[in-house]
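S.K.: Have a peek at final-v1.cif (mmCIF, C-alpha atoms).
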```cif
data_entry
loop_
_atom_site.label_atom_id
_atom_site.label_comp_id
_atom_site.auth_asym_id
_atom_site.auth_seq_id
_atom_site.Cartn_x
_atom_site.Cartn_y
_atom_site.Cartn_z
CA MET A 13 -17.52 -26.10 -9.77
CA PRO A 14 -18.19 -28.05 -6.56
CA GLY A 15 -21.15 -26.87 -4.49
CA ALA A 16 -22.48 -24.56 -7.20
CA THR A 17 -26.13 -23.71 -7.70
CA MET A 18 -26.78 -23.57 -11.43
CA VAL A 19 -29.01 -21.07 -13.20
CA LYS A 20 -29.73 -21.41 -16.92
CA ARG A 21 -31.16 -18.64 -19.09
CA HIS A 22 -32.70 -19.35 -22.47
CA LEU A 23 -33.71 -16.84 -25.12
CA ASN A 24 -37.27 -16.61 -23.80
CA ASP A 25 -35.92 -15.50 -20.39
CA LEU A 26 -34.37 -12.42 -22.03
CA ARG A 27 -37.63 -10.87 -23.25
CA GLY A 28 -37.32 -7.09 -23.17
CA CYS A 29 -33.52 -7.02 -23.15
CA PHE A 30 -32.87 -6.68 -26.87
CA ALA A 31 -33.71 -3.46 -28.69
CA ASP A 32 -34.62 -5.15 -31.96
CA THR A 33 -37.90 -6.76 -30.90
CA ALA A 34 -38.73 -8.00 -34.40
CA ALA A 35 -35.40 -9.86 -34.59
CA TYR A 36 -36.02 -11.19 -31.07
CA GLU A 37 -39.45 -12.58 -31.91
CA ALA A 38 -38.17 -14.06 -35.17
CA ALA A 39 -35.32 -15.80 -33.35
CA LEU A 40 -37.65 -17.10 -30.65
CA ALA A 41 -40.03 -18.44 -33.28
CA ALA A 42 -37.13 -20.45 -34.67
CA GLY A 43 -36.09 -21.91 -31.32
CA ASN A 44 -35.25 -21.20 -27.70
CA PRO A 45 -31.50 -21.70 -27.30
CA LEU A 46 -29.58 -21.62 -24.05
CA LEU A 47 -27.84 -18.23 -23.87
CA TYR A 48 -25.99 -18.58 -20.60
CA SER A 49 -25.59 -20.44 -17.37
CA VAL A 50 -24.17 -19.29 -14.07
CA GLY A 51 -22.90 -21.53 -11.31
CA ALA A 52 -22.87 -19.71 -7.96
CA VAL A 53 -21.16 -20.80 -4.75
CA GLU A 54 -22.11 -19.35 -1.36
CA PRO A 55 -19.64 -20.81 1.13
CA ALA A 56 -20.82 -18.68 4.06
CA ASP A 57 -22.95 -15.62 4.79
CA GLY A 58 -21.02 -13.75 7.44
CA GLU A 59 -20.19 -10.06 7.28
CA GLY A 60 -16.73 -10.58 5.74
CA ASP A 61 -17.64 -13.53 3.54
CA LEU A 62 -17.61 -13.69 -0.24
CA HIS A 63 -19.76 -15.44 -2.80
CA TYR A 64 -18.53 -16.33 -6.26
CA GLY A 65 -19.64 -17.79 -9.53
CA VAL A 66 -18.63 -18.86 -12.99
CA GLY A 67 -20.56 -17.63 -16.00
CA LEU A 68 -20.75 -19.31 -19.41
CA LEU A 69 -22.25 -17.11 -22.13
CA MET A 70 -22.62 -18.56 -25.61
CA PRO A 71 -21.81 -16.62 -28.80
CA GLY A 72 -24.68 -15.31 -30.88
CA LYS A 73 -26.62 -12.22 -31.92
CA ILE A 74 -30.17 -10.93 -32.14
CA GLY A 75 -30.10 -8.59 -35.12
CA ASN A 76 -26.80 -6.82 -34.54
CA GLU A 77 -26.92 -7.01 -30.71
CA TYR A 78 -24.74 -9.58 -29.04
CA TRP A 79 -26.18 -12.26 -26.78
CA MET A 80 -26.10 -10.85 -23.26
CA THR A 81 -26.95 -11.53 -19.65
CA LYS A 82 -29.99 -9.92 -18.06
CA GLY A 83 -27.74 -7.67 -16.02
CA HIS A 84 -28.23 -6.66 -12.43
CA LEU A 85 -27.57 -4.25 -9.63
CA HIS A 86 -26.69 -5.48 -6.19
CA SER A 87 -29.52 -5.32 -3.66
CA TRP A 88 -26.96 -3.92 -1.23
CA ARG A 89 -25.92 -1.08 -3.48
CA PRO A 90 -22.39 -0.45 -2.13
CA ALA A 91 -21.30 -3.98 -3.09
CA ALA A 92 -18.68 -4.11 -5.84
CA GLU A 93 -17.94 -7.15 -8.00
CA PHE A 94 -14.66 -8.52 -9.28
CA TYR A 95 -14.85 -10.11 -12.75
CA PHE A 96 -12.05 -12.15 -14.26
CA GLY A 97 -12.08 -13.42 -17.84
CA LEU A 98 -11.28 -17.10 -18.42
CA THR A 99 -12.02 -17.85 -22.08
CA GLY A 100 -13.52 -16.06 -25.06
CA GLU A 101 -14.05 -12.43 -25.87
CA GLY A 102 -16.51 -10.39 -23.85
CA VAL A 103 -17.62 -6.85 -23.14
CA MET A 104 -19.26 -5.57 -19.99
CA LEU A 105 -21.78 -2.73 -20.07
CA LEU A 106 -21.72 -0.68 -16.88
CA GLU A 107 -24.32 1.90 -15.91
CA ASP A 108 -23.79 4.22 -12.98
CA GLU A 109 -27.14 4.26 -11.20
CA ALA A 110 -26.72 7.81 -9.91
CA THR A 111 -25.60 9.53 -13.12
CA GLY A 112 -26.98 7.16 -15.77
CA GLU A 113 -23.58 7.17 -17.45
CA ASN A 114 -22.91 4.06 -19.55
CA ARG A 115 -19.53 2.64 -20.51
CA ILE A 116 -18.17 -0.59 -21.93
CA VAL A 117 -15.02 -2.44 -20.91
CA PRO A 118 -13.46 -5.56 -22.44
CA LEU A 119 -13.62 -8.86 -20.54
CA ARG A 120 -10.76 -10.99 -21.80
CA PRO A 121 -8.86 -14.08 -20.60
CA ASN A 122 -6.72 -13.17 -17.57
CA GLY A 123 -8.16 -9.67 -17.53
CA VAL A 124 -9.98 -8.04 -14.61
CA VAL A 125 -13.10 -5.89 -14.72
CA TYR A 126 -13.82 -4.12 -11.45
CA VAL A 127 -17.49 -3.19 -11.16
CA PRO A 128 -17.91 -0.50 -8.48
CA GLY A 129 -20.90 -0.45 -6.18
CA ARG A 130 -24.11 1.25 -7.36
CA THR A 131 -23.36 0.14 -10.93
CA ALA A 132 -25.62 -2.02 -13.09
CA HIS A 133 -23.62 -4.56 -15.07
CA ARG A 134 -24.37 -6.78 -18.04
CA THR A 135 -22.05 -9.14 -19.90
CA MET A 136 -21.98 -9.69 -23.67
CA ASN A 137 -20.18 -12.29 -25.74
CA VAL A 138 -18.66 -10.37 -28.67
CA GLY A 139 -16.63 -13.27 -30.03
CA ASN A 140 -17.32 -16.57 -31.78
CA THR A 141 -16.50 -18.95 -28.93
CA PRO A 142 -18.01 -19.51 -25.47
CA LEU A 143 -17.22 -16.73 -22.99
CA THR A 144 -16.42 -17.90 -19.48
CA TYR A 145 -15.61 -15.72 -16.52
CA LEU A 146 -15.43 -15.56 -12.74
CA GLY A 147 -17.35 -13.17 -10.51
CA VAL A 148 -16.57 -12.54 -6.82
CA TYR A 149 -18.71 -10.31 -4.59
CA PRO A 150 -19.50 -9.66 -0.93
CA ALA A 151 -21.80 -12.32 0.52
CA LYS A 152 -24.39 -9.74 1.39
CA ALA A 153 -24.49 -8.16 -2.11
CA GLY A 154 -27.68 -9.85 -3.26
CA HIS A 155 -29.03 -9.57 -6.81
CA ASP A 156 -31.54 -6.97 -7.95
CA TYR A 157 -32.75 -7.95 -11.42
CA SER A 158 -36.03 -6.08 -11.25
CA THR A 159 -34.65 -2.54 -11.65
CA ILE A 160 -33.00 -3.47 -14.96
CA ALA A 161 -36.03 -5.51 -16.07
CA ARG A 162 -38.14 -2.37 -15.59
CA LYS A 163 -35.99 0.32 -17.19
CA ASN A 164 -33.19 -1.59 -18.98
CA PHE A 165 -29.75 -0.10 -19.66
CA ARG A 166 -29.68 3.27 -21.35
CA CYS A 167 -27.34 2.01 -24.07
CA ILE A 168 -27.01 -1.09 -26.20
CA VAL A 169 -23.94 -2.73 -27.72
CA VAL A 170 -24.06 -3.60 -31.40
CA GLU A 171 -21.68 -5.01 -33.95
CA ARG A 172 -20.38 -2.40 -36.41
CA ASP A 173 -17.75 -3.50 -38.94
CA GLY A 174 -17.08 -6.58 -36.82
CA LYS A 175 -16.52 -4.63 -33.61
CA PRO A 176 -18.66 -3.92 -30.54
CA VAL A 177 -19.89 -0.32 -30.37
CA MET A 178 -22.02 1.25 -27.64
CA ILE A 179 -24.92 3.41 -28.80
CA GLU A 180 -27.99 4.99 -27.24
CA ARG A 181 -30.96 2.59 -27.08
CA PRO A 182 -33.31 3.40 -29.95
CA SER A 183 -36.56 4.84 -28.63
CA MET B 20 -1.69 -6.02 -13.81
CA PRO B 21 -2.52 -2.32 -14.28
CA GLY B 22 -2.45 -0.19 -11.15
CA ALA B 23 -0.81 -2.86 -9.02
CA THR B 24 1.50 -2.18 -6.09
CA MET B 25 4.28 -4.77 -6.18
CA VAL B 26 5.80 -6.46 -3.16
CA LYS B 27 8.82 -8.75 -3.56
CA ARG B 28 10.00 -11.23 -0.92
CA HIS B 29 13.47 -12.73 -1.02
CA LEU B 30 14.78 -15.60 1.06
CA ASN B 31 16.09 -13.25 3.76
CA ASP B 32 12.57 -11.86 4.27
CA LEU B 33 11.37 -15.35 5.30
CA ARG B 34 13.61 -15.73 8.36
CA GLY B 35 11.78 -17.76 10.99
CA CYS B 36 9.30 -19.34 8.59
CA PHE B 37 11.17 -22.56 7.79
CA ALA B 38 11.55 -25.25 10.45
CA ASP B 39 14.97 -26.43 9.25
CA THR B 40 17.02 -23.43 10.34
CA ALA B 41 20.34 -25.04 9.39
CA ALA B 42 19.12 -25.58 5.82
CA TYR B 43 17.77 -22.02 5.78
CA GLU B 44 21.11 -20.51 6.86
CA ALA B 45 23.00 -22.67 4.37
CA ALA B 46 20.71 -21.58 1.53
CA LEU B 47 21.00 -17.94 2.53
CA ALA B 48 24.80 -18.19 2.65
CA ALA B 49 24.67 -19.37 -0.98
CA GLY B 50 22.43 -16.55 -2.19
CA ASN B 51 19.25 -14.60 -1.61
CA PRO B 52 16.79 -15.58 -4.34
CA LEU B 53 13.42 -14.02 -4.99
CA LEU B 54 10.80 -16.39 -3.56
CA TYR B 55 7.66 -14.54 -4.48
CA SER B 56 6.06 -11.32 -5.58
CA VAL B 57 2.53 -10.05 -5.11
CA GLY B 58 0.85 -7.35 -7.16
CA ALA B 59 -2.07 -5.82 -5.28
CA VAL B 60 -4.79 -3.56 -6.67
CA GLU B 61 -6.99 -1.41 -4.42
CA PRO B 62 -9.59 0.19 -6.69
CA ALA B 63 -11.60 1.75 -3.85
CA ASP B 64 -11.97 1.56 -0.09
CA GLY B 65 -15.71 1.76 0.50
CA GLU B 66 -17.66 -0.65 2.66
CA GLY B 67 -18.66 -2.96 -0.21
CA ASP B 68 -15.43 -2.66 -2.17
CA LEU B 69 -12.94 -5.39 -2.95
CA HIS B 70 -9.18 -5.51 -3.26
CA TYR B 71 -7.37 -8.12 -5.29
CA GLY B 72 -3.93 -9.32 -6.19
CA VAL B 73 -1.89 -11.76 -8.20
CA GLY B 74 0.81 -13.84 -6.53
CA LEU B 75 3.83 -15.42 -8.23
CA LEU B 76 5.64 -17.97 -6.06
CA MET B 77 8.72 -19.66 -7.48
CA PRO B 78 9.47 -23.37 -7.08
CA GLY B 79 12.12 -24.42 -4.58
CA LYS B 80 12.74 -26.00 -1.20
CA ILE B 81 14.62 -25.38 2.02
CA GLY B 82 15.55 -28.84 3.23
CA ASN B 83 12.32 -30.71 2.51
CA GLU B 84 10.01 -27.71 3.07
CA TYR B 85 8.58 -26.02 0.02
CA TRP B 86 9.13 -22.36 -0.68
CA MET B 87 6.24 -20.50 0.89
CA THR B 88 4.72 -17.11 1.53
CA LYS B 89 4.96 -15.50 4.97
CA GLY B 90 1.27 -16.11 5.52
CA HIS B 91 -1.16 -13.76 7.17
CA LEU B 92 -4.40 -13.21 9.01
CA HIS B 93 -6.68 -10.37 8.08
CA SER B 94 -6.58 -7.41 10.44
CA TRP B 95 -10.38 -7.38 10.23
CA ARG B 96 -10.75 -10.99 11.29
CA PRO B 97 -14.16 -11.77 9.69
CA ALA B 98 -12.75 -11.07 6.21
CA ALA B 99 -12.60 -14.14 3.97
CA GLU B 100 -10.42 -14.45 0.87
CA PHE B 101 -11.11 -16.06 -2.49
CA TYR B 102 -8.08 -17.72 -4.12
CA PHE B 103 -8.04 -18.95 -7.70
CA GLY B 104 -5.17 -20.95 -9.20
CA LEU B 105 -3.80 -19.77 -12.55
CA THR B 106 -0.63 -21.78 -13.23
CA GLY B 107 1.52 -24.31 -11.41
CA GLU B 108 0.87 -26.62 -8.50
CA GLY B 109 0.29 -25.17 -5.05
CA VAL B 110 -0.92 -26.02 -1.60
CA MET B 111 -2.44 -23.67 0.94
CA LEU B 112 -1.95 -24.17 4.66
CA LEU B 113 -4.92 -22.89 6.67
CA GLU B 114 -4.94 -22.44 10.44
CA ASP B 115 -8.15 -21.71 12.30
CA GLU B 116 -7.19 -19.02 14.79
CA ALA B 117 -9.78 -20.10 17.38
CA THR B 118 -9.10 -23.84 17.41
CA GLY B 119 -5.52 -24.00 16.11
CA GLU B 120 -6.61 -26.66 13.63
CA ASN B 121 -4.38 -26.87 10.54
CA ARG B 122 -5.35 -28.24 7.13
CA ILE B 123 -3.96 -28.19 3.61
CA VAL B 124 -5.86 -27.74 0.37
CA PRO B 125 -4.57 -27.92 -3.21
CA LEU B 126 -4.32 -24.71 -5.26
CA ARG B 127 -4.46 -25.71 -8.91
CA PRO B 128 -5.19 -24.00 -12.24
CA ASN B 129 -8.89 -23.10 -12.44
CA GLY B 130 -9.45 -24.30 -8.89
CA VAL B 131 -10.85 -22.22 -6.04
CA VAL B 132 -9.67 -22.13 -2.43
CA TYR B 133 -12.06 -20.33 -0.10
CA VAL B 134 -10.29 -19.06 3.01
CA PRO B 135 -12.87 -18.31 5.72
CA GLY B 136 -12.46 -15.40 8.07
CA ARG B 137 -10.35 -15.84 11.22
CA THR B 138 -8.06 -18.21 9.33
CA ALA B 139 -4.32 -17.75 8.83
CA HIS B 140 -3.27 -18.73 5.32
CA ARG B 141 0.05 -19.48 3.66
CA THR B 142 0.76 -20.58 0.10
CA MET B 143 3.39 -23.12 -0.97
CA ASN B 144 4.65 -24.05 -4.41
CA VAL B 145 4.77 -27.85 -4.44
CA GLY B 146 5.57 -28.19 -8.14
CA ASN B 147 8.51 -27.49 -10.43
CA THR B 148 7.13 -24.45 -12.25
CA PRO B 149 6.09 -20.96 -11.14
CA LEU B 150 2.84 -20.91 -9.18
CA THR B 151 0.53 -18.01 -9.98
CA TYR B 152 -2.82 -17.28 -8.39
CA LEU B 153 -5.46 -14.63 -7.79
CA GLY B 154 -6.67 -13.44 -4.41
CA VAL B 155 -9.82 -11.34 -3.84
CA TYR B 156 -10.81 -9.96 -0.42
CA PRO B 157 -12.96 -7.26 1.17
CA ALA B 158 -11.31 -3.82 0.92
CA LYS B 159 -11.30 -3.45 4.67
CA ALA B 160 -9.63 -6.84 5.34
CA GLY B 161 -6.13 -5.49 5.97
CA HIS B 162 -3.08 -7.72 6.45
CA ASP B 163 -1.83 -8.89 9.83
CA TYR B 164 1.60 -10.47 9.30
CA SER B 165 2.81 -9.96 12.85
CA THR B 166 0.72 -12.68 14.52
CA ILE B 167 2.20 -15.33 12.21
CA ALA B 168 5.69 -13.84 12.48
CA ARG B 169 5.43 -14.24 16.27
CA LYS B 170 4.00 -17.73 16.62
CA ASN B 171 4.14 -19.23 13.09
CA PHE B 172 1.78 -21.94 11.83
CA ARG B 173 1.43 -24.98 14.04
CA CYS B 174 2.21 -27.32 11.14
CA ILE B 175 4.65 -27.43 8.27
CA VAL B 176 4.37 -28.97 4.81
CA VAL B 177 7.21 -31.19 3.65
CA GLU B 178 7.91 -33.34 0.64
CA ARG B 179 7.61 -37.08 1.34
CA ASP B 180 8.01 -39.48 -1.60
CA GLY B 181 7.50 -36.58 -3.97
CA LYS B 182 4.25 -35.41 -2.36
CA PRO B 183 3.33 -32.62 0.08
CA VAL B 184 2.51 -33.87 3.56
CA MET B 185 1.45 -31.77 6.54
CA ILE B 186 3.18 -32.59 9.85
CA GLU B 187 3.45 -30.97 13.27
CA ARG B 188 6.21 -28.36 13.42
CA PRO B 189 9.26 -29.95 15.09
CA SER B 190 9.88 -28.37 18.49
#
```
Rewrite the structure of this file - the entire thing - as structure tokens.
M.R.:
Amino acid sequence: MPGATMVKRHLNDLRGCFADTAAYEAALAAGNPLLYSVGAVEPADGEGDLHYGVGLLMPGKIGNEYWMTKGHLHSWRPAAEFYFGLTGEGVMLLEDEATGENRIVPLRPNGVVYVPGRTAHRTMNVGNTPLTYLGVYPAKAGHDYSTIARKNFRCIVVERDGKPVMIERPS
Amino acid sequence: MPGATMVKRHLNDLRGCFADTAAYEAALAAGNPLLYSVGAVEPADGEGDLHYGVGLLMPGKIGNEYWMTKGHLHSWRPAAEFYFGLTGEGVMLLEDEATGENRIVPLRPNGVVYVPGRTAHRTMNVGNTPLTYLGVYPAKAGHDYSTIARKNFRCIVVERDGKPVMIERPS
């Protein structure tokens, strides 16, 4: 994607995200694979401008949790985000910041996921092939990773009988 | 696309858009085909929300001008729009409202066209197959069709030796 700033996240960047810490440490001891990369384009920063990016999330699991992105809120909380699936089979985990409600929605080729404002969002690859997707958001959205890094999502998504299922995070 | 409001535009809705009025009247006398349809989704209308749509523009020509959309400015002029090509071969005509400068950019599968604010934009199908594309824009953008309906774009796009070429609109 022309003009994109690339960010790459390896397994060691995801410390604290996976519930199964023993499986995480075992995987990290065996290697530090690239989990995902995001190319972001910021054409302009005016009030009505938009930024956009393409995400590439590889398939894999830690224990029975799918490889995932760190997840984020927008620094400007009212900012929504438009996701559009390009390839592969994904799931997005959405957490309403006000109510704490969690829900999952499929992210599939030619399918839209609309993430409302004030909603933490994380992407998971639940298939066996690379997941690629578009994201479009207001230029002034900004990314707040620290809130999720501190308290994580309330739920996790695990594979049960070959399918993604959302459950409460084990305490 | 779930929840979409559909708009359909036939040839008779495009009166005044094509430079070759004789060819337009002759085509209209022979029939009134569907030129394009747009499905728009408006999930919410808050300050940070986004609206989006999918356009389907059929292939065809009036004289040597490609079938096109009416084109529009955003009512809230600072609003940009993100276009993403899905299928077919398109061109977008962009006119800077302040300077009157016109330019064309290709709209191709998996390619992005970023339309800045204060820029009139029109889509043309320059191929032989249906052109489909995504558009994402701030919820408060709004559509101003009347400015273009009154003064049109300064340039037109015609086929020359099988390729789209932008020229000044004949007076």
S.K.: Provide the atom CA of Ala160 of chain B to atom CA of Glu109 of chain A distance in Å, to one decimal place.
M.R.: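 About the pair atom CA of Ala160 of chain B and atom CA of Glu109 of chain A: they are 26.5 Å apart.
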S.K.: So which one's closest to chain A, B:Cys174, B:Ile167, B:Leu33, B:Ala23? Using all atoms listed in the file, please.
M.R.: B:Ala23
S.K.: Can you work out the spacing between atom CA of Ser165 of chain B and atom CA of Leu126 of chain B in Å, to one decimal?
M.R.: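 Interatomic distance, atom CA of Ser165 of chain B to atom CA of Leu126 of chain B: 24.4 Å.
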S.K.: Can you list what the PyMOL selection byres ((chain B) within 12 of (chain A)) grabs from this structure, as a VMD selection string?
M.R.: chain B and resid 20 to 23 60 to 73 93 to 106 128 to 137 151 to 161
S.K.: Least-squares fit on all C-alpha atoms, paired in order: put chain B onto chain A and return it as a compact mmCIF listing (two decimals) with C-alpha atoms, keeping the file's coordinate frame.
M.R.:
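Output saved as part-v6.txt:
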```
# COMPACT_ATOMS: atom_id res chain seq x y z
CA MET B 20 -17.51 -26.11 -9.76
CA PRO B 21 -18.20 -28.06 -6.55
CA GLY B 22 -21.16 -26.87 -4.50
CA ALA B 23 -22.48 -24.57 -7.20
CA THR B 24 -26.14 -23.70 -7.71
CA MET B 25 -26.78 -23.56 -11.45
CA VAL B 26 -29.01 -21.06 -13.20
CA LYS B 27 -29.73 -21.41 -16.93
CA ARG B 28 -31.17 -18.63 -19.10
CA HIS B 29 -32.70 -19.35 -22.49
CA LEU B 30 -33.70 -16.84 -25.13
CA ASN B 31 -37.26 -16.61 -23.79
CA ASP B 32 -35.91 -15.50 -20.39
CA LEU B 33 -34.37 -12.41 -22.04
CA ARG B 34 -37.62 -10.86 -23.27
CA GLY B 35 -37.32 -7.08 -23.17
CA CYS B 36 -33.52 -7.01 -23.13
CA PHE B 37 -32.86 -6.69 -26.87
CA ALA B 38 -33.71 -3.46 -28.68
CA ASP B 39 -34.63 -5.15 -31.97
CA THR B 40 -37.89 -6.76 -30.89
CA ALA B 41 -38.73 -8.00 -34.39
CA ALA B 42 -35.42 -9.87 -34.59
CA TYR B 43 -36.00 -11.20 -31.07
CA GLU B 44 -39.46 -12.58 -31.94
CA ALA B 45 -38.16 -14.08 -35.17
CA ALA B 46 -35.31 -15.82 -33.34
CA LEU B 47 -37.65 -17.10 -30.66
CA ALA B 48 -40.06 -18.45 -33.29
CA ALA B 49 -37.13 -20.48 -34.68
CA GLY B 50 -36.09 -21.93 -31.32
CA ASN B 51 -35.24 -21.21 -27.72
CA PRO B 52 -31.49 -21.71 -27.30
CA LEU B 53 -29.56 -21.61 -24.06
CA LEU B 54 -27.83 -18.22 -23.89
CA TYR B 55 -26.00 -18.57 -20.63
CA SER B 56 -25.59 -20.42 -17.38
CA VAL B 57 -24.17 -19.27 -14.07
CA GLY B 58 -22.89 -21.52 -11.31
CA ALA B 59 -22.87 -19.71 -7.97
CA VAL B 60 -21.17 -20.80 -4.76
CA GLU B 61 -22.11 -19.35 -1.36
CA PRO B 62 -19.64 -20.80 1.14
CA ALA B 63 -20.84 -18.67 4.07
CA ASP B 64 -22.96 -15.62 4.78
CA GLY B 65 -21.04 -13.74 7.45
CA GLU B 66 -20.19 -10.06 7.27
CA GLY B 67 -16.73 -10.57 5.73
CA ASP B 68 -17.65 -13.52 3.54
CA LEU B 69 -17.61 -13.70 -0.23
CA HIS B 70 -19.76 -15.43 -2.80
CA TYR B 71 -18.52 -16.32 -6.25
CA GLY B 72 -19.64 -17.78 -9.52
CA VAL B 73 -18.63 -18.85 -12.99
CA GLY B 74 -20.58 -17.63 -16.01
CA LEU B 75 -20.75 -19.32 -19.42
CA LEU B 76 -22.26 -17.12 -22.13
CA MET B 77 -22.61 -18.56 -25.62
CA PRO B 78 -21.81 -16.63 -28.80
CA GLY B 79 -24.69 -15.32 -30.89
CA LYS B 80 -26.62 -12.23 -31.91
CA ILE B 81 -30.16 -10.94 -32.14
CA GLY B 82 -30.11 -8.61 -35.12
CA ASN B 83 -26.80 -6.83 -34.54
CA GLU B 84 -26.93 -7.03 -30.72
CA TYR B 85 -24.74 -9.59 -29.03
CA TRP B 86 -26.16 -12.26 -26.78
CA MET B 87 -26.10 -10.87 -23.27
CA THR B 88 -26.94 -11.54 -19.66
CA LYS B 89 -29.99 -9.92 -18.05
CA GLY B 90 -27.74 -7.66 -16.03
CA HIS B 91 -28.23 -6.66 -12.43
CA LEU B 92 -27.57 -4.24 -9.62
CA HIS B 93 -26.69 -5.48 -6.19
CA SER B 94 -29.51 -5.31 -3.66
CA TRP B 95 -26.96 -3.91 -1.21
CA ARG B 96 -25.91 -1.08 -3.48
CA PRO B 97 -22.37 -0.45 -2.12
CA ALA B 98 -21.31 -3.99 -3.08
CA ALA B 99 -18.68 -4.11 -5.83
CA GLU B 100 -17.94 -7.15 -7.98
CA PHE B 101 -14.66 -8.52 -9.28
CA TYR B 102 -14.85 -10.12 -12.74
CA PHE B 103 -12.05 -12.16 -14.27
CA GLY B 104 -12.08 -13.41 -17.86
CA LEU B 105 -11.27 -17.09 -18.42
CA THR B 106 -12.03 -17.86 -22.08
CA GLY B 107 -13.53 -16.07 -25.06
CA GLU B 108 -14.04 -12.42 -25.88
CA GLY B 109 -16.51 -10.37 -23.86
CA VAL B 110 -17.62 -6.86 -23.14
CA MET B 111 -19.27 -5.57 -19.99
CA LEU B 112 -21.78 -2.75 -20.08
CA LEU B 113 -21.71 -0.69 -16.87
CA GLU B 114 -24.33 1.89 -15.91
CA ASP B 115 -23.79 4.22 -12.98
CA GLU B 116 -27.13 4.26 -11.19
CA ALA B 117 -26.70 7.83 -9.89
CA THR B 118 -25.61 9.53 -13.11
CA GLY B 119 -26.99 7.16 -15.76
CA GLU B 120 -23.58 7.16 -17.44
CA ASN B 121 -22.92 4.05 -19.55
CA ARG B 122 -19.52 2.63 -20.50
CA ILE B 123 -18.15 -0.59 -21.94
CA VAL B 124 -15.02 -2.45 -20.90
CA PRO B 125 -13.45 -5.55 -22.45
CA LEU B 126 -13.62 -8.86 -20.56
CA ARG B 127 -10.75 -11.00 -21.81
CA PRO B 128 -8.83 -14.07 -20.61
CA ASN B 129 -6.71 -13.16 -17.58
CA GLY B 130 -8.16 -9.65 -17.53
CA VAL B 131 -9.97 -8.04 -14.61
CA VAL B 132 -13.10 -5.89 -14.72
CA TYR B 133 -13.83 -4.11 -11.45
CA VAL B 134 -17.50 -3.20 -11.14
CA PRO B 135 -17.92 -0.51 -8.47
CA GLY B 136 -20.91 -0.45 -6.18
CA ARG B 137 -24.11 1.25 -7.36
CA THR B 138 -23.37 0.14 -10.92
CA ALA B 139 -25.63 -2.03 -13.08
CA HIS B 140 -23.62 -4.56 -15.07
CA ARG B 141 -24.36 -6.78 -18.05
CA THR B 142 -22.05 -9.14 -19.91
CA MET B 143 -21.98 -9.70 -23.68
CA ASN B 144 -20.18 -12.29 -25.75
CA VAL B 145 -18.66 -10.37 -28.66
CA GLY B 146 -16.63 -13.28 -30.03
CA ASN B 147 -17.32 -16.56 -31.79
CA THR B 148 -16.52 -18.94 -28.93
CA PRO B 149 -18.02 -19.51 -25.48
CA LEU B 150 -17.23 -16.74 -23.02
CA THR B 151 -16.44 -17.90 -19.49
CA TYR B 152 -15.63 -15.71 -16.52
CA LEU B 153 -15.43 -15.56 -12.74
CA GLY B 154 -17.34 -13.16 -10.52
CA VAL B 155 -16.56 -12.54 -6.82
CA TYR B 156 -18.72 -10.31 -4.59
CA PRO B 157 -19.49 -9.65 -0.93
CA ALA B 158 -21.81 -12.32 0.52
CA LYS B 159 -24.40 -9.73 1.40
CA ALA B 160 -24.49 -8.14 -2.10
CA GLY B 161 -27.70 -9.83 -3.26
CA HIS B 162 -29.04 -9.57 -6.81
CA ASP B 163 -31.54 -6.96 -7.94
CA TYR B 164 -32.73 -7.94 -11.43
CA SER B 165 -36.02 -6.07 -11.25
CA THR B 166 -34.64 -2.54 -11.65
CA ILE B 167 -32.99 -3.48 -14.95
CA ALA B 168 -36.01 -5.51 -16.06
CA ARG B 169 -38.13 -2.37 -15.57
CA LYS B 170 -36.00 0.31 -17.18
CA ASN B 171 -33.18 -1.58 -18.97
CA PHE B 172 -29.73 -0.12 -19.66
CA ARG B 173 -29.68 3.26 -21.33
CA CYS B 174 -27.33 2.01 -24.06
CA ILE B 175 -26.99 -1.08 -26.19
CA VAL B 176 -23.93 -2.73 -27.72
CA VAL B 177 -24.07 -3.61 -31.40
CA GLU B 178 -21.68 -5.01 -33.94
CA ARG B 179 -20.39 -2.41 -36.42
CA ASP B 180 -17.75 -3.50 -38.94
CA GLY B 181 -17.09 -6.57 -36.84
CA LYS B 182 -16.54 -4.64 -33.60
CA PRO B 183 -18.69 -3.91 -30.53
CA VAL B 184 -19.90 -0.33 -30.36
CA MET B 185 -22.02 1.23 -27.63
CA ILE B 186 -24.93 3.41 -28.81
CA GLU B 187 -27.99 4.99 -27.23
CA ARG B 188 -30.94 2.59 -27.05
CA PRO B 189 -33.31 3.40 -29.93
CA SER B 190 -36.56 4.85 -28.60
```
S.K.: Choose the residue, out of B:Asn144, B:Asn83, B:Asn121, B:Thr138, that has the smallest atom-to-atom separation from Met185 of chain B; count all atoms listed in the file.
M.R.: B:Asn121
S.K.: In terms of the shortest atom-to-atom distance over all atoms listed in the file, which of A:Pro142, A:Gly83, A:Gly28, A:Gly112 is closest to Leu69 of chain A?
M.R.: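 Comparing A:Pro142, A:Gly83, A:Gly28, A:Gly112 against Leu69 of chain A, the winner is A:Pro142.
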S.K.: Would you list the contacts of Ala31 of chain A as an NGL selection string, taking every protein, DNA or RNA residue within 12 Å and counting all atoms listed in the file, but skipping same-chain residues closer than 6 positions in sequence?
M.R.: :A and (37 or 73-80 or 164-170 or 179-183)
S.K.: Please provide the set of residues having any atom within 9 Å of Pro45 of chain A, restricted to all atoms listed in the file, with same-chain residues fewer than 6 positions apart removed, written as an MDAnalysis selection string.
M.R.: chainID A and resid 21:24
S.K.: Any chance you could resolve the PyMOL selection byres ((chain B and resi 125) around 8) against this file and give the residues as a list in words?
M.R.: Glu108, Gly109, Val110, Met111, Ile123, Val124, Leu126, Arg127 and Val132 of chain B
S.K.: With distances taken over all atoms listed in the file, which of A:Glu113, A:Lys175, A:Met136, A:Leu85 is nearest to Leu47 of chain A?
M.R.: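 Of A:Glu113, A:Lys175, A:Met136, A:Leu85, the one nearest Leu47 of chain A is A:Met136, counting all atoms listed in the file.
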